[in-house]
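One file, upload.pdb, is given below (PDB, C-alpha atoms).
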```pdb
MODEL        1
ATOM      1  CA  MET A  23      89.954  74.393 126.646
ATOM      2  CA  LEU A  24      93.375  73.858 128.214
ATOM      3  CA  GLU A  25      94.206  71.303 125.522
ATOM      4  CA  ILE A  26      93.291  73.804 122.803
ATOM      5  CA  ILE A  27      95.526  76.423 124.404
ATOM      6  CA  ARG A  28      98.375  73.939 124.575
ATOM      7  CA  ALA A  29      97.824  73.031 120.936
ATOM      8  CA  GLY A  30      98.346  76.687 120.021
ATOM      9  CA  GLY A  31     101.882  76.630 121.346
ATOM     10  CA  TRP A  32     103.876  79.415 122.982
ATOM     11  CA  LEU A  33     102.265  82.135 120.870
ATOM     12  CA  MET A  34      99.047  81.610 122.805
ATOM     13  CA  VAL A  35     100.733  83.268 125.807
ATOM     14  CA  PRO A  36     100.952  86.791 124.300
ATOM     15  CA  ILE A  37      97.511  86.387 122.713
ATOM     16  CA  LEU A  38      95.945  85.457 126.054
ATOM     17  CA  LEU A  39      97.843  88.277 127.753
ATOM     18  CA  CYS A  40      96.461  90.732 125.200
ATOM     19  CA  SER A  41      92.947  89.434 125.835
ATOM     20  CA  VAL A  42      93.292  89.978 129.596
ATOM     21  CA  ILE A  43      94.641  93.518 129.135
ATOM     22  CA  ALA A  44      91.880  94.348 126.639
ATOM     23  CA  MET A  45      89.196  93.059 129.004
ATOM     24  CA  ALA A  46      90.581  95.144 131.867
ATOM     25  CA  ILE A  47      90.655  98.288 129.706
ATOM     26  CA  VAL A  48      87.111  97.709 128.435
ATOM     27  CA  LEU A  49      85.722  97.313 131.959
ATOM     28  CA  GLU A  50      87.626 100.362 133.214
ATOM     29  CA  ARG A  51      86.491 102.565 130.311
ATOM     30  CA  LEU A  52      82.883 101.415 130.603
ATOM     31  CA  TRP A  53      82.979 102.653 134.197
ATOM     32  CA  ALA A  54      84.976 105.830 133.538
ATOM     33  CA  LEU A  55      82.982 106.988 130.494
ATOM     34  CA  ARG A  56      79.542 106.835 132.080
ATOM     35  CA  ARG A  57      77.548 109.914 131.149
ATOM     36  CA  ALA A  58      76.498 110.528 134.751
ATOM     37  CA  ARG A  59      80.159 110.627 135.789
ATOM     38  CA  VAL A  60      81.537 112.728 132.920
ATOM     39  CA  VAL A  61      78.632 115.108 132.223
ATOM     40  CA  PRO A  62      76.415 115.179 135.338
ATOM     41  CA  SER A  63      72.892 116.333 134.654
ATOM     42  CA  GLY A  64      72.066 119.795 135.948
ATOM     43  CA  LEU A  65      75.664 120.672 136.834
ATOM     44  CA  LEU A  66      75.672 123.882 134.787
ATOM     45  CA  ALA A  67      72.582 125.220 136.567
ATOM     46  CA  THR A  68      74.092 124.368 139.949
ATOM     47  CA  VAL A  69      77.383 126.017 139.037
ATOM     48  CA  TRP A  70      75.640 129.152 137.815
ATOM     49  CA  GLU A  71      73.580 129.430 140.988
ATOM     50  CA  GLN A  72      76.669 128.993 143.160
ATOM     51  CA  ALA A  73      78.584 131.554 141.121
ATOM     52  CA  ARG A  74      75.844 134.158 141.629
ATOM     53  CA  THR A  75      75.146 133.541 145.309
ATOM     54  CA  ARG A  76      78.498 132.411 146.716
ATOM     55  CA  ALA A  77      79.675 134.019 149.910
ATOM     56  CA  PRO A  78      82.947 135.962 149.942
ATOM     57  CA  GLY A  79      85.973 133.735 150.374
ATOM     58  CA  THR A  80      84.209 130.533 149.273
ATOM     59  CA  GLY A  81      85.185 130.731 145.591
ATOM     60  CA  ALA A  82      88.302 128.566 145.929
ATOM     61  CA  VAL A  83      86.357 125.916 147.833
ATOM     62  CA  ILE A  84      83.644 125.778 145.180
ATOM     63  CA  LEU A  85      86.157 125.517 142.344
ATOM     64  CA  GLN A  86      88.074 122.749 144.093
ATOM     65  CA  ARG A  87      84.869 120.810 144.675
ATOM     66  CA  MET A  88      83.886 121.207 141.023
ATOM     67  CA  ARG A  89      87.284 120.042 139.758
ATOM     68  CA  ALA A  90      87.098 116.924 141.913
ATOM     69  CA  GLY A  91      83.514 116.147 140.955
ATOM     70  CA  SER A  92      83.631 115.375 137.225
ATOM     71  CA  PRO A  93      85.431 116.141 133.950
ATOM     72  CA  LEU A  94      82.702 118.649 133.075
ATOM     73  CA  GLY A  95      83.262 120.223 136.490
ATOM     74  CA  GLN A  96      86.946 120.710 135.625
ATOM     75  CA  VAL A  97      86.008 122.521 132.412
ATOM     76  CA  LEU A  98      83.398 124.738 134.084
ATOM     77  CA  ALA A  99      85.745 125.481 136.974
ATOM     78  CA  ALA A 100      88.333 126.718 134.490
ATOM     79  CA  GLY A 101      85.725 129.094 133.092
ATOM     80  CA  LEU A 102      84.657 130.349 136.509
ATOM     81  CA  ALA A 103      88.256 130.897 137.549
ATOM     82  CA  ALA A 104      88.585 133.316 134.616
ATOM     83  CA  GLN A 105      85.107 134.841 134.782
ATOM     84  CA  ASP A 106      86.477 138.282 135.700
ATOM     85  CA  ARG A 107      88.635 138.321 132.574
ATOM     86  CA  SER A 108      87.615 138.981 128.981
ATOM     87  CA  ARG A 109      85.523 136.572 126.946
ATOM     88  CA  GLU A 110      88.556 135.527 124.892
ATOM     89  CA  VAL A 111      90.690 134.782 127.951
ATOM     90  CA  MET A 112      87.849 132.809 129.513
ATOM     91  CA  LYS A 113      87.412 130.744 126.340
ATOM     92  CA  GLU A 114      91.151 130.062 126.135
ATOM     93  CA  SER A 115      91.165 128.843 129.729
ATOM     94  CA  ILE A 116      88.224 126.532 129.020
ATOM     95  CA  GLU A 117      89.784 125.221 125.812
ATOM     96  CA  GLU A 118      93.094 124.463 127.510
ATOM     97  CA  THR A 119      91.380 122.536 130.282
ATOM     98  CA  GLY A 120      89.093 120.849 127.758
ATOM     99  CA  ARG A 121      92.064 119.486 125.800
ATOM    100  CA  ARG A 122      93.526 118.013 128.973
ATOM    101  CA  VAL A 123      90.197 116.498 129.998
ATOM    102  CA  ALA A 124      89.688 115.019 126.516
ATOM    103  CA  HIS A 125      93.140 113.451 126.729
ATOM    104  CA  GLU A 126      92.200 111.883 130.060
ATOM    105  CA  LEU A 127      88.976 110.500 128.589
ATOM    106  CA  GLU A 128      91.012 108.856 125.804
ATOM    107  CA  ARG A 129      93.292 107.113 128.287
ATOM    108  CA  PHE A 130      94.133 103.506 127.347
ATOM    109  CA  LEU A 131      92.333 103.768 123.989
ATOM    110  CA  ASN A 132      95.613 103.714 122.072
ATOM    111  CA  THR A 133      96.550 100.536 123.932
ATOM    112  CA  LEU A 134      93.184  99.019 123.053
ATOM    113  CA  GLY A 135      93.667  99.912 119.391
ATOM    114  CA  THR A 136      97.167  98.442 119.420
ATOM    115  CA  ILE A 137      95.852  95.158 120.813
ATOM    116  CA  ALA A 138      93.192  95.065 118.104
ATOM    117  CA  MET A 139      95.946  95.410 115.499
ATOM    118  CA  ILE A 140      98.611  93.055 116.851
ATOM    119  CA  THR A 141      96.524  90.055 117.910
ATOM    120  CA  PRO A 142      95.662  89.040 114.302
ATOM    121  CA  LEU A 143      99.359  89.429 113.489
ATOM    122  CA  LEU A 144     100.244  87.161 116.397
ATOM    123  CA  GLY A 145      97.718  84.664 115.058
ATOM    124  CA  LEU A 146      99.264  84.930 111.610
ATOM    125  CA  LEU A 147     102.706  84.378 113.116
ATOM    126  CA  GLY A 148     101.348  81.267 114.789
ATOM    127  CA  THR A 149     100.109  80.093 111.406
ATOM    128  CA  VAL A 150     103.531  80.584 109.859
ATOM    129  CA  VAL A 151     105.262  78.815 112.749
ATOM    130  CA  GLY A 152     102.800  75.931 112.504
ATOM    131  CA  MET A 153     103.320  75.574 108.769
ATOM    132  CA  ILE A 154     107.078  75.605 109.260
ATOM    133  CA  GLU A 155     106.673  72.778 111.739
ATOM    134  CA  VAL A 156     104.519  70.835 109.271
ATOM    135  CA  PHE A 157     107.035  71.192 106.461
ATOM    136  CA  THR A 158     109.839  70.218 108.813
ATOM    137  CA  VAL A 159     108.013  66.999 109.639
ATOM    138  CA  ILE A 160     107.328  66.346 105.963
ATOM    139  CA  THR A 161     111.005  66.834 105.186
ATOM    140  CA  GLU A 162     112.063  64.395 107.895
ATOM    141  CA  ILE A 163     109.478  61.591 107.661
ATOM    142  CA  GLY A 164     107.313  62.384 104.634
ATOM    143  CA  VAL A 165     103.520  62.733 104.521
ATOM    144  CA  GLY A 166     102.657  59.202 105.542
ATOM    145  CA  SER A 167     101.811  59.974 109.180
ATOM    146  CA  PRO A 168      98.917  62.426 109.728
ATOM    147  CA  ARG A 169      99.474  62.232 113.489
ATOM    148  CA  ASP A 170     102.936  63.750 113.121
ATOM    149  CA  LEU A 171     101.541  66.570 110.980
ATOM    150  CA  ALA A 172      98.630  67.324 113.302
ATOM    151  CA  GLY A 173     100.680  69.320 115.820
ATOM    152  CA  GLY A 174     101.787  71.978 113.358
ATOM    153  CA  ILE A 175      98.356  72.201 111.737
ATOM    154  CA  SER A 176      96.677  72.559 115.141
ATOM    155  CA  GLN A 177      99.042  75.354 116.139
ATOM    156  CA  ALA A 178      98.380  77.185 112.876
ATOM    157  CA  LEU A 179      94.595  76.989 113.222
ATOM    158  CA  VAL A 180      94.316  77.619 116.963
ATOM    159  CA  THR A 181      96.555  80.696 117.034
ATOM    160  CA  THR A 182      94.813  82.213 114.018
ATOM    161  CA  ALA A 183      91.378  81.686 115.550
ATOM    162  CA  ALA A 184      92.513  83.017 118.930
ATOM    163  CA  GLY A 185      94.115  86.128 117.427
ATOM    164  CA  ILE A 186      91.033  86.993 115.390
ATOM    165  CA  GLY A 187      88.737  86.125 118.301
ATOM    166  CA  VAL A 188      90.511  88.662 120.508
ATOM    167  CA  ALA A 189      90.858  91.323 117.812
ATOM    168  CA  ILE A 190      87.195  91.521 116.744
ATOM    169  CA  PRO A 191      85.595  92.496 120.096
ATOM    170  CA  THR A 192      88.604  94.661 120.958
ATOM    171  CA  LEU A 193      88.209  96.632 117.731
ATOM    172  CA  ILE A 194      84.467  96.982 118.318
ATOM    173  CA  PHE A 195      84.987  98.433 121.797
ATOM    174  CA  HIS A 196      87.806 100.672 120.566
ATOM    175  CA  ARG A 197      85.509 102.209 117.948
ATOM    176  CA  TYR A 198      82.692 102.508 120.482
ATOM    177  CA  PHE A 199      84.845 104.296 123.036
ATOM    178  CA  ARG A 200      86.231 106.674 120.403
ATOM    179  CA  GLY A 201      82.701 107.681 119.461
ATOM    180  CA  ARG A 202      81.722 107.920 123.113
ATOM    181  CA  VAL A 203      84.592 110.269 123.918
ATOM    182  CA  ASP A 204      83.781 112.494 120.934
ATOM    183  CA  GLU A 205      80.148 112.690 122.039
ATOM    184  CA  LEU A 206      81.030 113.548 125.644
ATOM    185  CA  VAL A 207      83.604 116.150 124.596
ATOM    186  CA  LEU A 208      81.006 117.815 122.359
ATOM    187  CA  GLU A 209      78.533 117.961 125.245
ATOM    188  CA  MET A 210      81.154 119.513 127.521
ATOM    189  CA  GLU A 211      81.949 122.094 124.874
ATOM    190  CA  MET A 212      78.276 123.028 124.595
ATOM    191  CA  GLU A 213      77.917 123.384 128.366
ATOM    192  CA  ALA A 214      81.072 125.508 128.532
ATOM    193  CA  VAL A 215      79.793 127.808 125.772
ATOM    194  CA  LYS A 216      76.546 128.240 127.703
ATOM    195  CA  LEU A 217      78.512 129.234 130.804
ATOM    196  CA  VAL A 218      80.503 131.840 128.851
ATOM    197  CA  GLU A 219      77.318 133.301 127.399
ATOM    198  CA  MET A 220      75.642 133.358 130.817
ATOM    199  CA  ILE A 221      78.485 135.203 132.510
ATOM    200  CA  HIS A 222      79.321 137.692 129.778
ATOM    201  CA  GLY A 223      75.706 138.108 128.751
ATOM    202  CA  GLU A 224      74.733 139.089 132.276
ATOM    203  CA  ARG A 225      77.776 141.357 132.496
ATOM    204  CA  SER A 226      76.680 143.135 129.322
ATOM    205  CA  VAL A 227      73.144 143.568 130.627
ATOM    206  CA  THR A 228      74.449 144.891 133.933
ATOM    207  CA  GLY A 229      76.654 147.393 132.108
ATOM    208  CA  ILE A 230      73.753 148.651 130.034
ATOM    209  CA  ASN A 231      71.469 148.998 133.045
ATOM    210  CA  ALA A 232      74.182 150.847 134.920
TER     211      ALA A 232
ENDMDL
END
```
Would you give me this structure, written as structure tokens?
Amino acid sequence: MLEIIRAGGWLMVPILLCSVIAMAIVLERLWALRRARVVPSGLLATVWEQARTRAPGTGAVILQRMRAGSPLGQVLAAGLAAQDRSREVMKESIEETGRRVAHELERFLNTLGTIAMITPLLGLLGTVVGMIEVFTVITEIGVGSPRDLAGGISQALVTTAAGIGVAIPTLIFHRYFRGRVDELVLEMEMEAVKLVEMIHGERSVTGINA
């Protein structure tokens, strides 16, 4: 393996560096985008129960705990913080927090997409550099010695294979994470809408009964 890397020349350094960065991002996002972490099951019911039965003076503590618990908790906490306001104000507060949370969920995905794009180009650059080396050898000593031509050909092939080999799984994970974020954001939106309807629906019923 080390000999193959050496055969690829200096362009193998940025390709290998890209592969390490991509692997680190993939592992981090696999951990960060777990459904149980982003959209905990039963959180909305727990939040609603706490909102109805909380003791005076404990609201700030509950909201802080929700914000620290999960991305969905941040969105629901924004709604609860504005529950005494109008429906429109409450929705705006949720939407503003939701945009920030969605941005956090997309963290590092642009870097992952960039790696997927540049590693084939680095491989192609290695191909060009290798071919230049081959033609330089041909110009100097002719085509009579395959051994002298092998270095440039090896660099061209190894860098191309390495660049594509890094780009393919990186692109796959980039697409997967994009879809994952969209799915999680949609679920958070649905839970937030339910919270708005619960609070303002109950308020409407209470007003009618009064």
Wanna dump the segment 45-117 of chain A-segment 122-129 of chain A contacts at 12 Å for me, each residue with its shortest atom pair and the distance in Å to one decimal, counting all atoms listed in the file, ordered by chain and number, as a tab-separated table?
```
residue	atom	partner	partner_atom	distance
A:Ile47	CA	A:Arg129	CA	9.3
A:Val48	CA	A:Arg129	CA	11.3
A:Glu50	CA	A:Arg129	CA	10.1
A:Arg51	CA	A:Arg129	CA	8.4
A:Leu52	CA	A:Leu127	CA	11.1
A:Trp53	CA	A:Leu127	CA	11.4
A:Ala54	CA	A:Leu127	CA	7.9
A:Leu55	CA	A:Leu127	CA	7.2
A:Arg56	CA	A:Leu127	CA	10.7
A:Arg57	CA	A:Leu127	CA	11.7
A:Arg59	CA	A:Leu127	CA	11.4
A:Val60	CA	A:Leu127	CA	8.9
A:Val61	CA	A:Val123	CA	11.9
A:Arg89	CA	A:Val123	CA	10.8
A:Ser92	CA	A:Val123	CA	9.8
A:Pro93	CA	A:Val123	CA	6.2
A:Leu94	CA	A:Val123	CA	8.4
A:Gly95	CA	A:Val123	CA	10.2
A:Gln96	CA	A:Val123	CA	7.7
A:Val97	CA	A:Val123	CA	7.7
A:Leu98	CA	A:Val123	CA	11.4
A:Ala100	CA	A:Val123	CA	11.3
A:Ser115	CA	A:Arg122	CA	11.1
A:Ile116	CA	A:Arg122	CA	10.0
A:Glu117	CA	A:Arg122	CA	8.7
```
Practice prompt. Return as a list in words the set of residues that the PyMOL selection byres ((chain A and resi 196-213) around 7) yields on the displayed structure.
Written response: Val61, Leu66, Leu94, Ala124, Leu127, Glu128, Leu131, Leu134, Gly135, Thr192, Leu193, Ile194, Phe195, Ala214, Val215, Lys216 and Leu217 of chain A
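Here the question is which of A:Ile140, A:Leu179, A:Val150, A:Met220 gets nearest to Cys40 of chain A using only C-alpha atoms, and that residue is A:Ile140.
Coordinates place atom CA of Pro36 of chain A at a distance of 29.4 Å from atom CA of Thr161 of chain A.
Rounded to one decimal, atom CA of Gly145 of chain A and atom CA of Met34 of chain A lie 8.4 Å from each other.
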Worksheet item: Which value, in Å to one decimal, gives the distance between atom CA of Val111 of chain A and atom CA of Val218 of chain A?
Response: 10.6 Å
Hey, what's within 10 Å of Leu85 of chain A if we count all atoms listed in the file and toss same-chain stuff fewer than 3 positions away? As an mmCIF file with C-alpha atoms, in the frame of the given file, please?
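For reference, selection34.cif as written:
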```
data_model
loop_
_atom_site.group_PDB
_atom_site.id
_atom_site.type_symbol
_atom_site.label_atom_id
_atom_site.label_comp_id
_atom_site.auth_asym_id
_atom_site.auth_seq_id
_atom_site.Cartn_x
_atom_site.Cartn_y
_atom_site.Cartn_z
ATOM 1 C CA VAL A 69 77.383 126.017 139.037
ATOM 2 C CA ALA A 73 78.584 131.554 141.121
ATOM 3 C CA THR A 80 84.209 130.533 149.273
ATOM 4 C CA GLY A 81 85.185 130.731 145.591
ATOM 5 C CA ALA A 82 88.302 128.566 145.929
ATOM 6 C CA MET A 88 83.886 121.207 141.023
ATOM 7 C CA ARG A 89 87.284 120.042 139.758
ATOM 8 C CA ALA A 90 87.098 116.924 141.913
ATOM 9 C CA GLY A 91 83.514 116.147 140.955
ATOM 10 C CA GLY A 95 83.262 120.223 136.490
ATOM 11 C CA GLN A 96 86.946 120.710 135.625
ATOM 12 C CA LEU A 98 83.398 124.738 134.084
ATOM 13 C CA ALA A 99 85.745 125.481 136.974
ATOM 14 C CA ALA A 100 88.333 126.718 134.490
ATOM 15 C CA GLY A 101 85.725 129.094 133.092
ATOM 16 C CA LEU A 102 84.657 130.349 136.509
ATOM 17 C CA ALA A 103 88.256 130.897 137.549
#
```
Item to complete: Rank nothing, just name the residue among A:Pro142, A:Val180, A:His222, A:Glu71 nearest to Asp106 of chain A, using only C-alpha atoms.
Response: A:His222
Item to complete: Rank A:Glu155, A:Trp32, A:Leu39, A:Thr141 by their smallest atom-to-atom distance to Gly185 of chain A, using all atoms listed in the file, and report the top residue only.
Response: A:Thr141
Apply the PyMOL selection byres ((chain A and resi 33) around 9) to the displayed file and report the matching residues as a JSON list (two decimals) with C-alpha atoms, in the coordinates of the input.
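Produced file expr_22.json, reproduced below:
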```json
[["chain", "number", "residue", "atom", "x", "y", "z"],
["A", 30, "GLY", "CA", 98.35, 76.69, 120.02],
["A", 31, "GLY", "CA", 101.88, 76.63, 121.35],
["A", 32, "TRP", "CA", 103.88, 79.42, 122.98],
["A", 34, "MET", "CA", 99.05, 81.61, 122.80],
["A", 35, "VAL", "CA", 100.73, 83.27, 125.81],
["A", 36, "PRO", "CA", 100.95, 86.79, 124.30],
["A", 37, "ILE", "CA", 97.51, 86.39, 122.71],
["A", 38, "LEU", "CA", 95.94, 85.46, 126.05],
["A", 144, "LEU", "CA", 100.24, 87.16, 116.40],
["A", 145, "GLY", "CA", 97.72, 84.66, 115.06],
["A", 147, "LEU", "CA", 102.71, 84.38, 113.12],
["A", 148, "GLY", "CA", 101.35, 81.27, 114.79],
["A", 177, "GLN", "CA", 99.04, 75.35, 116.14],
["A", 181, "THR", "CA", 96.56, 80.70, 117.03]]
```
If you take every atom of segment 127-137 of chain A that the file lists and fit an axis-aligned box around them with 8 Å extra on each side, what centre and edge lengths come out in Å to one decimal, as AutoDock Vina command-line options?
```
--center_x 93.1 --center_y 102.8 --center_z 124.0 --size_x 24.2 --size_y 31.3 --size_z 25.2
```
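Among the candidates A:Ala104, A:Val188, A:Ile84, A:Ile154, the one nearest to Ser41 of chain A when counting only C-alpha atoms is A:Val188.
Candidate residues A:Ala189, A:Ile175, A:Met112, A:Leu65 were compared for distance to Ile137 of chain A, and the nearest is A:Ala189, using only C-alpha atoms.
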Discussion item. Using only C-alpha atoms, can you tell me which of A:Arg87, A:Ser176, A:Thr68, A:Val42 comes closest to Arg28 of chain A?
Written reply: A:Ser176
Have segment 180-200 of chain A completed to N, CA and C atoms, please, and pass it along as a PDB file, in the frame of the given file.
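The new file out_39.pdb reads:
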```pdb
ATOM      1  N   VAL A 180      94.719  77.111 115.653  1.00  0.00           N
ATOM      2  CA  VAL A 180      94.316  77.619 116.963  1.00  0.00           C
ATOM      3  C   VAL A 180      94.794  79.054 117.169  1.00  0.00           C
ATOM      4  N   THR A 181      96.042  79.334 116.833  1.00  0.00           N
ATOM      5  CA  THR A 181      96.555  80.696 117.034  1.00  0.00           C
ATOM      6  C   THR A 181      95.847  81.714 116.145  1.00  0.00           C
ATOM      7  N   THR A 182      95.538  81.303 114.916  1.00  0.00           N
ATOM      8  CA  THR A 182      94.813  82.213 114.018  1.00  0.00           C
ATOM      9  C   THR A 182      93.433  82.528 114.562  1.00  0.00           C
ATOM     10  N   ALA A 183      92.719  81.479 114.996  1.00  0.00           N
ATOM     11  CA  ALA A 183      91.378  81.686 115.550  1.00  0.00           C
ATOM     12  C   ALA A 183      91.427  82.525 116.820  1.00  0.00           C
ATOM     13  N   ALA A 184      92.407  82.266 117.679  1.00  0.00           N
ATOM     14  CA  ALA A 184      92.513  83.017 118.930  1.00  0.00           C
ATOM     15  C   ALA A 184      92.829  84.492 118.659  1.00  0.00           C
ATOM     16  N   GLY A 185      93.758  84.747 117.740  1.00  0.00           N
ATOM     17  CA  GLY A 185      94.115  86.128 117.427  1.00  0.00           C
ATOM     18  C   GLY A 185      92.939  86.912 116.889  1.00  0.00           C
ATOM     19  N   ILE A 186      92.203  86.313 115.958  1.00  0.00           N
ATOM     20  CA  ILE A 186      91.033  86.993 115.390  1.00  0.00           C
ATOM     21  C   ILE A 186      89.938  87.129 116.434  1.00  0.00           C
ATOM     22  N   GLY A 187      89.772  86.092 117.263  1.00  0.00           N
ATOM     23  CA  GLY A 187      88.737  86.125 118.301  1.00  0.00           C
ATOM     24  C   GLY A 187      88.959  87.226 119.319  1.00  0.00           C
ATOM     25  N   VAL A 188      90.207  87.551 119.596  1.00  0.00           N
ATOM     26  CA  VAL A 188      90.511  88.662 120.508  1.00  0.00           C
ATOM     27  C   VAL A 188      90.387  90.005 119.793  1.00  0.00           C
ATOM     28  N   ALA A 189      90.813  90.049 118.540  1.00  0.00           N
ATOM     29  CA  ALA A 189      90.858  91.323 117.812  1.00  0.00           C
ATOM     30  C   ALA A 189      89.469  91.880 117.516  1.00  0.00           C
ATOM     31  N   ILE A 190      88.515  91.031 117.170  1.00  0.00           N
ATOM     32  CA  ILE A 190      87.195  91.521 116.744  1.00  0.00           C
ATOM     33  C   ILE A 190      86.489  92.294 117.857  1.00  0.00           C
ATOM     34  N   PRO A 191      86.271  91.700 119.055  1.00  0.00           N
ATOM     35  CA  PRO A 191      85.595  92.496 120.096  1.00  0.00           C
ATOM     36  C   PRO A 191      86.424  93.686 120.567  1.00  0.00           C
ATOM     37  N   THR A 192      87.753  93.541 120.550  1.00  0.00           N
ATOM     38  CA  THR A 192      88.604  94.661 120.958  1.00  0.00           C
ATOM     39  C   THR A 192      88.439  95.842 120.009  1.00  0.00           C
ATOM     40  N   LEU A 193      88.401  95.567 118.718  1.00  0.00           N
ATOM     41  CA  LEU A 193      88.209  96.632 117.731  1.00  0.00           C
ATOM     42  C   LEU A 193      86.831  97.269 117.870  1.00  0.00           C
ATOM     43  N   ILE A 194      85.822  96.457 118.142  1.00  0.00           N
ATOM     44  CA  ILE A 194      84.467  96.982 118.318  1.00  0.00           C
ATOM     45  C   ILE A 194      84.427  97.958 119.496  1.00  0.00           C
ATOM     46  N   PHE A 195      84.991  97.556 120.625  1.00  0.00           N
ATOM     47  CA  PHE A 195      84.987  98.433 121.797  1.00  0.00           C
ATOM     48  C   PHE A 195      85.852  99.664 121.574  1.00  0.00           C
ATOM     49  N   HIS A 196      86.953  99.516 120.856  1.00  0.00           N
ATOM     50  CA  HIS A 196      87.806 100.672 120.566  1.00  0.00           C
ATOM     51  C   HIS A 196      87.028 101.720 119.772  1.00  0.00           C
ATOM     52  N   ARG A 197      86.317 101.275 118.743  1.00  0.00           N
ATOM     53  CA  ARG A 197      85.509 102.209 117.948  1.00  0.00           C
ATOM     54  C   ARG A 197      84.394 102.822 118.793  1.00  0.00           C
ATOM     55  N   TYR A 198      83.783 102.017 119.634  1.00  0.00           N
ATOM     56  CA  TYR A 198      82.692 102.508 120.482  1.00  0.00           C
ATOM     57  C   TYR A 198      83.189 103.587 121.434  1.00  0.00           C
ATOM     58  N   PHE A 199      84.320 103.333 122.078  1.00  0.00           N
ATOM     59  CA  PHE A 199      84.845 104.296 123.036  1.00  0.00           C
ATOM     60  C   PHE A 199      85.299 105.585 122.357  1.00  0.00           C
ATOM     61  N   ARG A 200      85.859 105.475 121.148  1.00  0.00           N
ATOM     62  CA  ARG A 200      86.231 106.674 120.403  1.00  0.00           C
ATOM     63  C   ARG A 200      85.009 107.551 120.149  1.00  0.00           C
TER      64      ARG A 200
END
```
